[in-house]
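Coordinates as given in entry.csv (CSV, C-alpha atoms):
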```
chain,number,residue,atom,x,y,z
C,1,MET,CA,7.7,-0.5,23.1
C,2,ASP,CA,7.3,-1.6,26.7
C,3,THR,CA,8.3,-5.3,26.9
C,4,ASP,CA,8.9,-5.5,30.7
C,5,PHE,CA,6.2,-8.1,31.6
C,6,SER,CA,6.8,-8.8,35.3
C,7,SER,CA,3.8,-11.1,35.8
C,8,ASN,CA,1.0,-12.8,34.0
C,9,ARG,CA,-1.4,-10.1,35.3
C,10,CYS,CA,-0.4,-7.9,32.3
C,11,ALA,CA,-3.4,-9.3,30.5
C,12,SER,CA,-6.6,-9.6,32.5
C,13,PRO,CA,-7.7,-13.2,33.1
C,14,LEU,CA,-11.3,-14.1,32.3
C,15,ASP,CA,-13.8,-13.6,35.0
C,16,GLU,CA,-14.6,-16.6,37.1
C,17,TYR,CA,-17.8,-17.3,35.3
C,18,GLU,CA,-16.3,-17.0,31.8
C,19,VAL,CA,-15.1,-20.3,30.3
C,20,PRO,CA,-12.9,-20.0,27.2
C,21,THR,CA,-13.5,-22.4,24.4
C,22,ARG,CA,-10.6,-24.3,22.8
C,23,HIS,CA,-9.7,-23.2,19.3
C,24,SER,CA,-11.0,-25.5,16.6
C,25,ASP,CA,-7.6,-26.5,15.2
C,26,LEU,CA,-4.7,-24.7,17.0
C,27,TYR,CA,-4.2,-27.1,19.8
C,28,PHE,CA,-1.5,-29.7,19.9
C,29,GLU,CA,-1.9,-33.0,21.9
C,30,ASP,CA,1.7,-32.8,23.1
C,31,GLY,CA,1.5,-29.1,23.9
C,32,ASN,CA,2.6,-27.9,27.4
C,33,LEU,CA,1.1,-24.5,27.7
C,34,SER,CA,-2.4,-23.0,27.3
C,35,ILE,CA,-2.7,-19.5,26.0
C,36,VAL,CA,-5.9,-17.6,26.5
C,37,ALA,CA,-6.7,-14.8,24.0
C,38,GLY,CA,-10.1,-13.3,24.3
C,39,GLY,CA,-12.7,-16.0,24.7
C,40,GLN,CA,-10.6,-18.8,23.2
C,41,TYR,CA,-7.5,-20.8,24.3
C,42,PHE,CA,-4.7,-22.5,22.4
C,43,ILE,CA,-2.6,-25.5,23.4
C,44,VAL,CA,0.9,-24.7,22.2
C,45,HIS,CA,4.6,-25.5,22.9
C,46,ARG,CA,6.6,-23.4,25.3
C,47,GLY,CA,9.9,-24.1,23.6
C,48,LEU,CA,8.8,-23.1,20.1
C,49,LEU,CA,7.3,-19.8,21.2
C,50,SER,CA,10.3,-19.0,23.4
C,51,ARG,CA,12.8,-19.8,20.6
C,52,HIS,CA,11.1,-17.4,18.2
C,53,SER,CA,10.1,-14.6,20.6
C,54,GLY,CA,12.1,-13.2,23.4
C,55,VAL,CA,9.1,-11.2,24.5
C,56,LEU,CA,6.9,-14.3,24.8
C,57,ARG,CA,9.8,-16.2,26.5
C,58,LYS,CA,9.8,-13.6,29.3
C,59,ARG,CA,6.0,-13.9,29.6
C,60,ILE,CA,6.2,-17.7,29.7
C,61,GLU,CA,8.9,-17.7,32.3
C,62,VAL,CA,6.7,-16.0,34.9
C,63,VAL,CA,3.8,-18.4,34.4
C,64,LYS,CA,3.4,-20.3,37.6
C,65,PRO,CA,2.9,-24.1,37.1
C,66,ILE,CA,1.2,-24.3,40.5
C,67,ASP,CA,-1.3,-21.5,39.7
C,68,ASP,CA,-4.8,-22.4,40.5
C,69,ARG,CA,-5.9,-21.6,37.0
C,70,HIS,CA,-5.4,-24.5,34.6
C,71,LEU,CA,-6.8,-25.5,31.3
C,72,GLU,CA,-6.6,-29.1,30.3
C,73,GLY,CA,-4.1,-29.6,33.1
C,74,LEU,CA,-1.8,-26.9,31.7
C,75,ALA,CA,-0.6,-23.6,33.2
C,76,VAL,CA,-2.3,-20.6,31.5
C,77,LEU,CA,-0.7,-17.5,29.9
C,78,TYR,CA,-3.2,-14.7,29.3
C,79,LEU,CA,-2.7,-12.4,26.4
C,80,ASP,CA,-4.7,-9.3,25.4
C,81,ASP,CA,-4.7,-10.1,21.7
C,82,SER,CA,-7.9,-10.9,19.8
C,83,PRO,CA,-8.3,-14.7,19.2
C,84,GLU,CA,-8.6,-14.2,15.5
C,85,ASP,CA,-5.3,-12.2,15.2
C,86,PHE,CA,-3.5,-14.6,17.5
C,87,ALA,CA,-4.6,-17.6,15.4
C,88,HIS,CA,-3.2,-16.0,12.3
C,89,PHE,CA,0.1,-15.3,14.2
C,90,LEU,CA,0.3,-18.9,15.5
C,91,ARG,CA,-0.3,-20.4,12.1
C,92,ALA,CA,2.5,-18.3,10.6
C,93,LEU,CA,4.8,-19.1,13.6
C,94,TYR,CA,4.2,-22.8,13.3
C,95,GLY,CA,4.7,-22.7,9.5
C,96,LEU,CA,1.1,-23.9,8.9
C,97,SER,CA,-0.9,-22.9,5.9
C,98,TYR,CA,-2.4,-19.5,6.0
C,99,ASP,CA,-3.6,-16.9,3.5
C,100,ASN,CA,-0.8,-14.4,2.9
C,101,THR,CA,-2.1,-13.2,-0.5
C,102,LEU,CA,-2.6,-9.6,-1.2
C,103,GLU,CA,-6.4,-10.2,-1.2
C,104,ASP,CA,-6.3,-11.0,2.6
C,105,PHE,CA,-4.9,-7.8,3.9
C,106,PHE,CA,-6.3,-8.4,7.4
C,107,THR,CA,-4.4,-11.6,7.9
C,108,THR,CA,-1.2,-10.0,6.9
C,109,ALA,CA,-1.9,-7.0,9.1
C,110,ALA,CA,-2.6,-9.2,12.1
C,111,ILE,CA,0.6,-11.1,11.6
C,112,LEU,CA,2.6,-7.9,11.2
C,113,ARG,CA,1.1,-6.4,14.3
C,114,LEU,CA,1.8,-9.4,16.5
C,115,ALA,CA,5.2,-10.1,14.9
C,116,THR,CA,6.2,-6.5,15.8
C,117,LYS,CA,4.7,-6.7,19.3
C,118,TYR,CA,6.4,-10.0,20.1
C,119,GLU,CA,9.6,-9.2,18.1
C,120,VAL,CA,9.5,-12.1,15.7
C,121,GLN,CA,11.7,-10.5,13.0
C,122,ALA,CA,11.4,-13.3,10.4
C,123,LEU,CA,7.6,-13.1,10.3
C,124,ARG,CA,7.7,-9.3,10.3
C,125,GLU,CA,9.9,-9.3,7.2
C,126,VAL,CA,7.6,-11.7,5.4
C,127,ALA,CA,4.6,-9.6,6.2
C,128,LEU,CA,6.3,-6.4,5.1
C,129,ARG,CA,7.5,-8.1,1.9
C,130,ASN,CA,3.9,-9.1,1.1
C,131,LEU,CA,2.6,-5.6,1.7
C,132,SER,CA,5.4,-4.0,-0.3
C,133,LEU,CA,3.9,-5.6,-3.5
C,134,SER,CA,1.0,-3.2,-3.2
C,135,TRP,CA,2.7,-0.3,-1.3
C,136,PRO,CA,6.2,-0.3,-2.9
C,137,THR,CA,9.2,1.9,-2.7
C,138,SER,CA,10.0,1.7,-6.4
C,139,LEU,CA,8.2,3.2,-9.3
C,140,LEU,CA,8.5,0.0,-11.3
C,141,MET,CA,6.6,-2.0,-8.6
C,142,TRP,CA,4.0,0.8,-8.4
C,143,GLU,CA,3.3,0.5,-12.1
C,144,ALA,CA,2.9,-3.3,-11.7
C,145,ARG,CA,0.4,-2.7,-8.9
C,146,GLU,CA,-1.5,-0.2,-11.0
C,147,ARG,CA,-1.7,-2.6,-13.9
C,148,VAL,CA,-3.2,-5.3,-11.6
C,149,ALA,CA,-5.9,-2.8,-10.5
C,150,THR,CA,-6.8,-1.8,-14.1
C,151,THR,CA,-9.3,-3.8,-16.2
C,152,ALA,CA,-8.8,-4.8,-19.8
C,153,ASP,CA,-11.0,-1.8,-20.8
C,154,GLY,CA,-8.6,0.6,-19.0
C,155,LEU,CA,-10.9,1.2,-16.0
C,156,TYR,CA,-9.1,1.7,-12.7
C,157,THR,CA,-10.7,-0.5,-10.0
C,158,PRO,CA,-8.4,-0.8,-7.0
C,159,HIS,CA,-11.1,-2.1,-4.6
C,160,PRO,CA,-11.6,-4.7,-3.4
C,161,ALA,CA,-8.3,-6.0,-4.8
C,162,LEU,CA,-6.4,-3.5,-2.6
C,163,PRO,CA,-7.2,-2.4,0.9
C,164,HIS,CA,-8.1,1.2,1.5
C,165,PRO,CA,-5.0,3.3,2.0
C,166,LEU,CA,-6.2,4.5,5.4
C,167,LEU,CA,-5.9,1.0,6.7
C,168,VAL,CA,-2.3,0.8,5.4
C,169,ILE,CA,-1.4,4.1,6.9
C,170,GLY,CA,-2.7,3.1,10.3
C,171,LEU,CA,-0.9,-0.2,10.1
C,172,ALA,CA,2.4,1.4,9.1
C,173,ARG,CA,2.1,3.9,12.0
C,174,ASP,CA,1.3,1.1,14.5
C,175,THR,CA,4.1,-1.2,13.4
C,176,GLY,CA,6.9,1.3,12.6
C,177,ALA,CA,6.9,0.6,8.9
C,178,PRO,CA,7.5,4.1,7.3
C,179,GLN,CA,8.4,2.5,4.0
C,180,LEU,CA,4.7,1.9,3.4
C,181,LEU,CA,3.7,5.5,4.0
C,182,PRO,CA,4.7,7.4,0.8
C,183,SER,CA,2.8,5.2,-1.6
C,184,ALA,CA,-0.2,4.9,0.7
C,185,LEU,CA,-0.3,8.7,1.3
C,186,TYR,CA,0.0,9.3,-2.4
C,187,ASP,CA,-2.8,6.8,-3.1
C,188,LEU,CA,-4.9,8.6,-0.5
C,189,SER,CA,-4.1,12.0,-2.0
C,190,ARG,CA,-5.9,11.0,-5.2
C,191,TYR,CA,-9.2,10.9,-3.3
C,192,LEU,CA,-11.5,13.9,-3.2
C,193,PRO,CA,-11.1,16.3,-0.2
C,194,SER,CA,-14.6,15.4,1.0
C,195,GLN,CA,-13.6,11.7,1.0
C,196,LEU,CA,-10.5,12.5,3.0
C,197,MET,CA,-12.6,14.2,5.6
C,198,GLU,CA,-15.2,11.4,5.7
C,199,GLY,CA,-12.7,8.7,6.2
C,200,TYR,CA,-13.4,5.0,5.6
C,201,VAL,CA,-15.7,2.5,7.2
C,202,SER,CA,-14.1,-1.0,7.3
C,203,PRO,CA,-16.0,-4.2,7.1
C,204,ASP,CA,-16.2,-4.5,10.9
C,205,GLY,CA,-18.1,-1.2,11.1
C,206,MET,CA,-15.1,0.9,12.4
C,207,ARG,CA,-14.6,4.3,10.8
C,208,HIS,CA,-11.0,5.2,10.1
C,209,ARG,CA,-9.8,8.7,9.7
C,210,LEU,CA,-6.4,10.5,9.5
C,211,ASP,CA,-5.2,12.4,12.5
C,212,SER,CA,-4.8,16.1,11.9
C,213,GLU,CA,-1.1,15.8,11.3
C,214,ASP,CA,-1.4,13.2,8.6
C,215,LEU,CA,-4.3,15.0,7.1
C,216,CYS,CA,-2.2,18.1,6.7
C,217,ARG,CA,0.6,15.9,5.2
C,218,VAL,CA,-1.8,14.5,2.6
C,219,LEU,CA,-3.2,17.9,1.6
C,220,ARG,CA,0.3,19.5,1.4
C,221,GLY,CA,1.6,16.5,-0.6
C,222,LYS,CA,-1.4,16.8,-2.9
C,223,GLU,CA,-0.6,20.4,-3.5
C,224,GLN,CA,3.0,19.6,-4.3
C,225,ALA,CA,2.0,16.9,-6.8
C,226,ALA,CA,-0.4,19.3,-8.5
C,227,ARG,CA,2.3,22.0,-8.7
C,228,PHE,CA,4.8,19.5,-10.2
C,229,PHE,CA,2.2,18.5,-12.8
C,230,SER,CA,1.3,22.0,-13.8
C,231,THR,CA,5.0,22.9,-14.1
C,232,PHE,CA,5.5,19.9,-16.3
C,233,ILE,CA,2.7,21.0,-18.6
C,234,VAL,CA,4.0,24.5,-18.9
C,235,SER,CA,7.7,23.6,-19.4
C,236,GLU,CA,7.4,20.4,-21.5
C,237,LEU,CA,4.1,20.5,-23.4
C,238,GLU,CA,2.8,24.0,-23.9
C,239,GLY,CA,4.3,25.3,-27.2
C,240,ARG,CA,6.5,22.3,-27.5
C,241,THR,CA,8.7,22.5,-30.6
C,242,PRO,CA,9.3,19.5,-32.9
C,243,SER,CA,12.4,17.4,-32.6
C,244,SER,CA,15.4,18.3,-34.8
C,245,LEU,CA,14.8,14.8,-36.4
C,246,CYS,CA,11.0,15.4,-36.9
C,247,MET,CA,9.8,13.6,-40.0
C,248,TYR,CA,7.8,16.6,-41.0
C,249,ARG,CA,10.6,19.2,-40.7
C,250,HIS,CA,11.0,19.5,-44.5
C,251,GLU,CA,7.3,19.7,-45.3
C,252,LEU,CA,6.3,22.8,-47.4
C,253,GLN,CA,2.7,22.9,-46.2
C,254,PRO,CA,2.5,24.7,-42.9
C,255,ALA,CA,-0.2,22.5,-41.5
C,256,ARG,CA,1.9,19.3,-42.3
C,257,LYS,CA,5.1,21.0,-40.9
C,258,ARG,CA,3.3,21.7,-37.6
C,259,ALA,CA,1.7,18.3,-37.3
C,260,CYS,CA,3.7,17.2,-34.2
C,261,GLN,CA,3.3,20.6,-32.6
C,262,MET,CA,-0.4,20.4,-33.0
C,263,ALA,CA,-0.4,16.8,-31.7
C,264,PHE,CA,1.3,18.0,-28.5
C,265,GLU,CA,-1.2,20.9,-28.2
C,266,ALA,CA,-4.0,18.4,-28.4
C,267,VAL,CA,-2.4,16.3,-25.7
C,268,THR,CA,-2.0,19.4,-23.5
C,269,PHE,CA,-5.6,20.3,-24.0
C,270,GLU,CA,-6.7,16.8,-22.9
C,271,LEU,CA,-4.5,16.8,-19.8
C,272,ILE,CA,-5.8,20.1,-18.7
C,273,ARG,CA,-9.4,18.9,-19.2
C,274,ASP,CA,-8.4,15.6,-17.4
C,275,VAL,CA,-10.8,13.7,-19.7
C,276,ASN,CA,-8.8,10.5,-19.7
C,277,GLY,CA,-8.6,10.5,-15.9
C,278,MET,CA,-12.3,11.0,-15.5
C,279,VAL,CA,-13.1,8.3,-18.0
C,280,CYS,CA,-10.7,5.8,-16.5
C,281,ASN,CA,-11.5,6.6,-12.9
C,282,ARG,CA,-8.1,8.1,-12.5
C,283,ASN,CA,-8.8,11.8,-11.8
C,284,SER,CA,-6.4,13.6,-9.5
C,285,ASP,CA,-3.5,11.3,-10.4
C,286,PRO,CA,-0.6,13.4,-11.7
C,287,LEU,CA,1.8,10.5,-12.0
C,288,PHE,CA,-0.7,8.6,-14.2
C,289,SER,CA,-1.5,11.7,-16.3
C,290,ILE,CA,2.1,12.4,-17.1
C,291,GLY,CA,2.6,8.9,-18.4
C,292,GLU,CA,-0.8,9.0,-20.1
C,293,SER,CA,0.5,12.0,-22.2
C,294,VAL,CA,2.6,9.4,-24.1
C,295,ALA,CA,0.2,6.5,-24.0
C,296,MET,CA,-2.7,8.4,-25.6
C,297,GLN,CA,-0.6,9.0,-28.7
C,298,THR,CA,-0.4,5.3,-29.6
C,299,ARG,CA,-3.3,3.6,-27.8
C,300,GLU,CA,-5.4,3.2,-31.0
C,301,ASP,CA,-2.5,2.1,-33.2
C,302,GLN,CA,-3.2,-0.8,-35.5
C,303,PRO,CA,-0.4,-2.8,-37.2
C,304,GLY,CA,0.0,-2.5,-41.0
C,305,ILE,CA,-1.9,0.8,-41.5
C,306,GLU,CA,-1.0,4.5,-41.1
C,307,ASN,CA,-2.3,5.8,-37.8
C,308,ARG,CA,-3.7,9.3,-37.9
C,309,SER,CA,-4.6,10.0,-34.3
C,310,ALA,CA,-5.1,13.7,-33.5
C,311,TYR,CA,-2.7,13.2,-30.5
C,312,ARG,CA,0.0,11.4,-32.4
C,313,ALA,CA,3.3,13.0,-33.0
C,314,CYS,CA,5.9,11.4,-35.3
C,315,GLU,CA,8.1,8.7,-33.9
C,316,ALA,CA,11.2,11.0,-33.5
C,317,CYS,CA,9.2,13.6,-31.6
C,318,ARG,CA,7.4,10.9,-29.6
C,319,LEU,CA,10.6,9.1,-28.5
C,320,GLU,CA,12.3,12.4,-27.5
C,321,TYR,CA,9.2,13.4,-25.5
C,322,GLY,CA,9.0,9.9,-24.0
C,323,VAL,CA,12.5,10.2,-22.5
C,324,ILE,CA,11.4,13.5,-20.8
C,325,VAL,CA,8.3,11.8,-19.4
C,326,ASP,CA,10.3,8.9,-17.9
C,327,VAL,CA,12.7,11.4,-16.3
C,328,ALA,CA,9.8,13.5,-14.9
C,329,ARG,CA,8.0,10.4,-13.5
C,330,ASP,CA,11.2,9.2,-11.8
C,331,GLU,CA,11.6,12.6,-10.2
C,332,PHE,CA,8.0,12.7,-9.2
C,333,TRP,CA,8.3,9.3,-7.5
C,334,ARG,CA,11.6,10.2,-5.7
C,335,SER,CA,10.0,13.4,-4.4
C,336,LEU,CA,7.0,11.7,-2.6
C,337,PRO,CA,8.7,11.3,0.8
C,338,GLU,CA,9.7,14.9,0.8
C,339,TRP,CA,6.3,16.1,-0.3
C,340,PHE,CA,4.6,14.1,2.4
C,341,GLU,CA,7.2,15.2,5.0
C,342,LEU,CA,8.5,11.7,5.6
C,343,ASP,CA,12.0,10.2,6.3
C,344,VAL,CA,12.3,7.0,4.4
C,345,GLU,CA,15.5,5.1,3.7
C,346,ASN,CA,16.2,3.5,0.3
C,347,TRP,CA,13.2,5.2,-1.4
C,348,GLY,CA,12.9,5.0,-5.2
```
For the file at hand, write its structure as structure tokens.
Amino acid sequence: MDTDFSSNRCASPLDEYEVPTRHSDLYFEDGNLSIVAGGQYFIVHRGLLSRHSGVLRKRIEVVKPIDDRHLEGLAVLYLDDSPEDFAHFLRALYGLSYDNTLEDFFTTAAILRLATKYEVQALREVALRNLSLSWPTSLLMWEARERVATTADGLYTPHPALPHPLLVIGLARDTGAPQLLPSALYDLSRYLPSQLMEGYVSPDGMRHRLDSEDLCRVLRGKEQAARFFSTFIVSELEGRTPSSLCMYRHELQPARKRACQMAFEAVTFELIRDVNGMVCNRNSDPLFSIGESVAMQTREDQPGIENRSAYRACEACRLEYGVIVDVARDEFWRSLPEWFELDVENWG
């Protein structure tokens, strides 16, 4: 990133006839510098900005106090940031109240972009920590994120609670945050190919699309995930034999003796049809489907009565299979950076 700002002309001042308006609340009576961003100006403190940002300190040092351009009697620093983004950045820098919840992605994105641009490491780390709650590096955090996006009826509704993954991918690329990319690319890979090509129109009317390189990454990663899922079905579900501790192993009636095997066959059939994914709005989600192969066996359980779900194997067979599922899902998650051709440290 080029941080060699030799003069205040790096950002174009307003034309002579344009008069910026003072920001409604980000002006300090004892401030000693005016900063113009877009059509607004902010009255701030040189010392505070210089202490937190070496980049801004260099910009401030070349501001000429005797320059003809003054606002409220103060020398002016011109920046090329939008006034909305710079206001979010200033509030965070001054420790003022601002919305850093997951719901306000655009505030967090603005802070991350400017904290990266002006090299304010503390703010950058806070913004990345907030984003990592929805775009995590661990499977445990991903599962927590997915639970938040799922209704009590089991319907998956990630929007508007979560931003579109295209926005996160663009932000991660712009700010050098590769740790956000594997989960965002996997999230995007769950979309239909037609949706990948169409992109996403954000609230400001801008259409976001992947560049050709990232589009190929998503499609290749999608293929790898599908291949892993089909291999899992063939190797762990199709023709699965009962556990050596199966409660039906001593049954004389063939149908009873094969109860667990038939349960796993029913699970296999449902996964291939992807019925649960379609009903829950979770189609094309292999990670969910692998876990669902366990959950569907006990979802309708009621305490105090014998449960006879068609998908239900005995407890011994179910527990043995559950261990295999946990191992498979961990392997799936750890493989995401490789599948999407990314180099990410401390993944998984």
Within 8 Å of file point (-4.4, -10.8, 24.4), counting all atoms listed in the file, expressed as number ranges by chain: C: 11, 36-38, 78-83, 86
For Asn32 in chain C, the nearest of the candidates C:Pro182, C:Gly73, C:Pro158, C:Gly239, counting only C-alpha atoms: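 Among the listed residues, C:Gly73 lies closest to Asn32 in chain C.
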Two-atom distance - CA of His250 in chain C, CA of Phe269 in chain C (Å):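 CA of Phe269 in chain C lies 26.4 Å from CA of His250 in chain C.
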Distance in Å - CA of Ala161 in chain C versus CA of Val148 in chain C: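 We find that CA of Ala161 in chain C and CA of Val148 in chain C lie 8.5 Å from each other.
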Of the listed residues C:Leu215, C:Ala316, C:Ala226, C:Leu112, that which approaches Leu166 in chain C most closely, counting only C-alpha atoms: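 When distances to Leu166 in chain C are compared using only C-alpha atoms, the smallest one comes from C:Leu215.
Considering all atoms listed in the file, the residue among C:Arg69, C:Arg113, C:Arg318, C:Arg207 positioned nearest to Asp85 in chain C is C:Arg113.
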Å distance separating CA of Lys64 in chain C from CA of Leu48 in chain C, one decimal place: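 If I compute the distance from CA of Lys64 in chain C to CA of Leu48 in chain C, I get 18.5 Å.
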Among listed residues C:Val126, C:Thr116, C:Ala263, C:Phe106, nearest Ser202 in chain C (using only C-alpha atoms):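 Closest to Ser202 in chain C, using only C-alpha atoms: C:Phe106.
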Protein and nucleic acid residues near (-5.3, 15.5, 1.1) (cut-off 8 Å, only C-alpha atoms) as a ChimeraX atom specification: /C:188-193,196,215-222
Residue nearest Glu331 in chain C - candidates C:Val55, C:Leu139, C:Cys317, C:Leu252, atoms counted: only C-alpha atoms: C:Leu139
Counting all atoms listed in the file, the option among C:Asp285, C:Asp343, C:Glu270, C:Asp326 closest to Tyr186 in chain C: C:Asp285
Tell me, as a JSON list (two decimals) with C-alpha atoms, in the coordinates of the input, which residues lie within 12 Å of Ala92 in chain C, counting all atoms listed in the file; anything in the same chain fewer than 2 positions away does not count.
```
[["chain", "number", "residue", "atom", "x", "y", "z"],
["C", 26, "LEU", "CA", -4.70, -24.70, 17.00],
["C", 49, "LEU", "CA", 7.30, -19.80, 21.20],
["C", 52, "HIS", "CA", 11.10, -17.40, 18.20],
["C", 85, "ASP", "CA", -5.30, -12.20, 15.20],
["C", 86, "PHE", "CA", -3.50, -14.60, 17.50],
["C", 87, "ALA", "CA", -4.60, -17.60, 15.40],
["C", 88, "HIS", "CA", -3.20, -16.00, 12.30],
["C", 89, "PHE", "CA", 0.10, -15.30, 14.20],
["C", 90, "LEU", "CA", 0.30, -18.90, 15.50],
["C", 94, "TYR", "CA", 4.20, -22.80, 13.30],
["C", 95, "GLY", "CA", 4.70, -22.70, 9.50],
["C", 96, "LEU", "CA", 1.10, -23.90, 8.90],
["C", 97, "SER", "CA", -0.90, -22.90, 5.90],
["C", 98, "TYR", "CA", -2.40, -19.50, 6.00],
["C", 99, "ASP", "CA", -3.60, -16.90, 3.50],
["C", 100, "ASN", "CA", -0.80, -14.40, 2.90],
["C", 107, "THR", "CA", -4.40, -11.60, 7.90],
["C", 108, "THR", "CA", -1.20, -10.00, 6.90],
["C", 110, "ALA", "CA", -2.60, -9.20, 12.10],
["C", 111, "ILE", "CA", 0.60, -11.10, 11.60],
["C", 112, "LEU", "CA", 2.60, -7.90, 11.20],
["C", 114, "LEU", "CA", 1.80, -9.40, 16.50],
["C", 115, "ALA", "CA", 5.20, -10.10, 14.90],
["C", 120, "VAL", "CA", 9.50, -12.10, 15.70],
["C", 122, "ALA", "CA", 11.40, -13.30, 10.40],
["C", 123, "LEU", "CA", 7.60, -13.10, 10.30],
["C", 124, "ARG", "CA", 7.70, -9.30, 10.30],
["C", 126, "VAL", "CA", 7.60, -11.70, 5.40],
["C", 127, "ALA", "CA", 4.60, -9.60, 6.20]]
```
Surrounding residues of Tyr41 in chain C excluding itself and chain neighbours under 2 positions, 6 Å, all atoms listed in the file, as number ranges by chain: C: 22-23, 35-36
Could the residues in this selection be written to a file with C-alpha atoms, as a PDB file, in the coordinates of the input?
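Once everything was written out, this is out24.pdb:
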```pdb
ATOM      1  CA  ARG C  22     -10.600 -24.300  22.800  1.00  0.00           C
ATOM      2  CA  HIS C  23      -9.700 -23.200  19.300  1.00  0.00           C
ATOM      3  CA  ILE C  35      -2.700 -19.500  26.000  1.00  0.00           C
ATOM      4  CA  VAL C  36      -5.900 -17.600  26.500  1.00  0.00           C
TER       5      VAL C  36
END
```
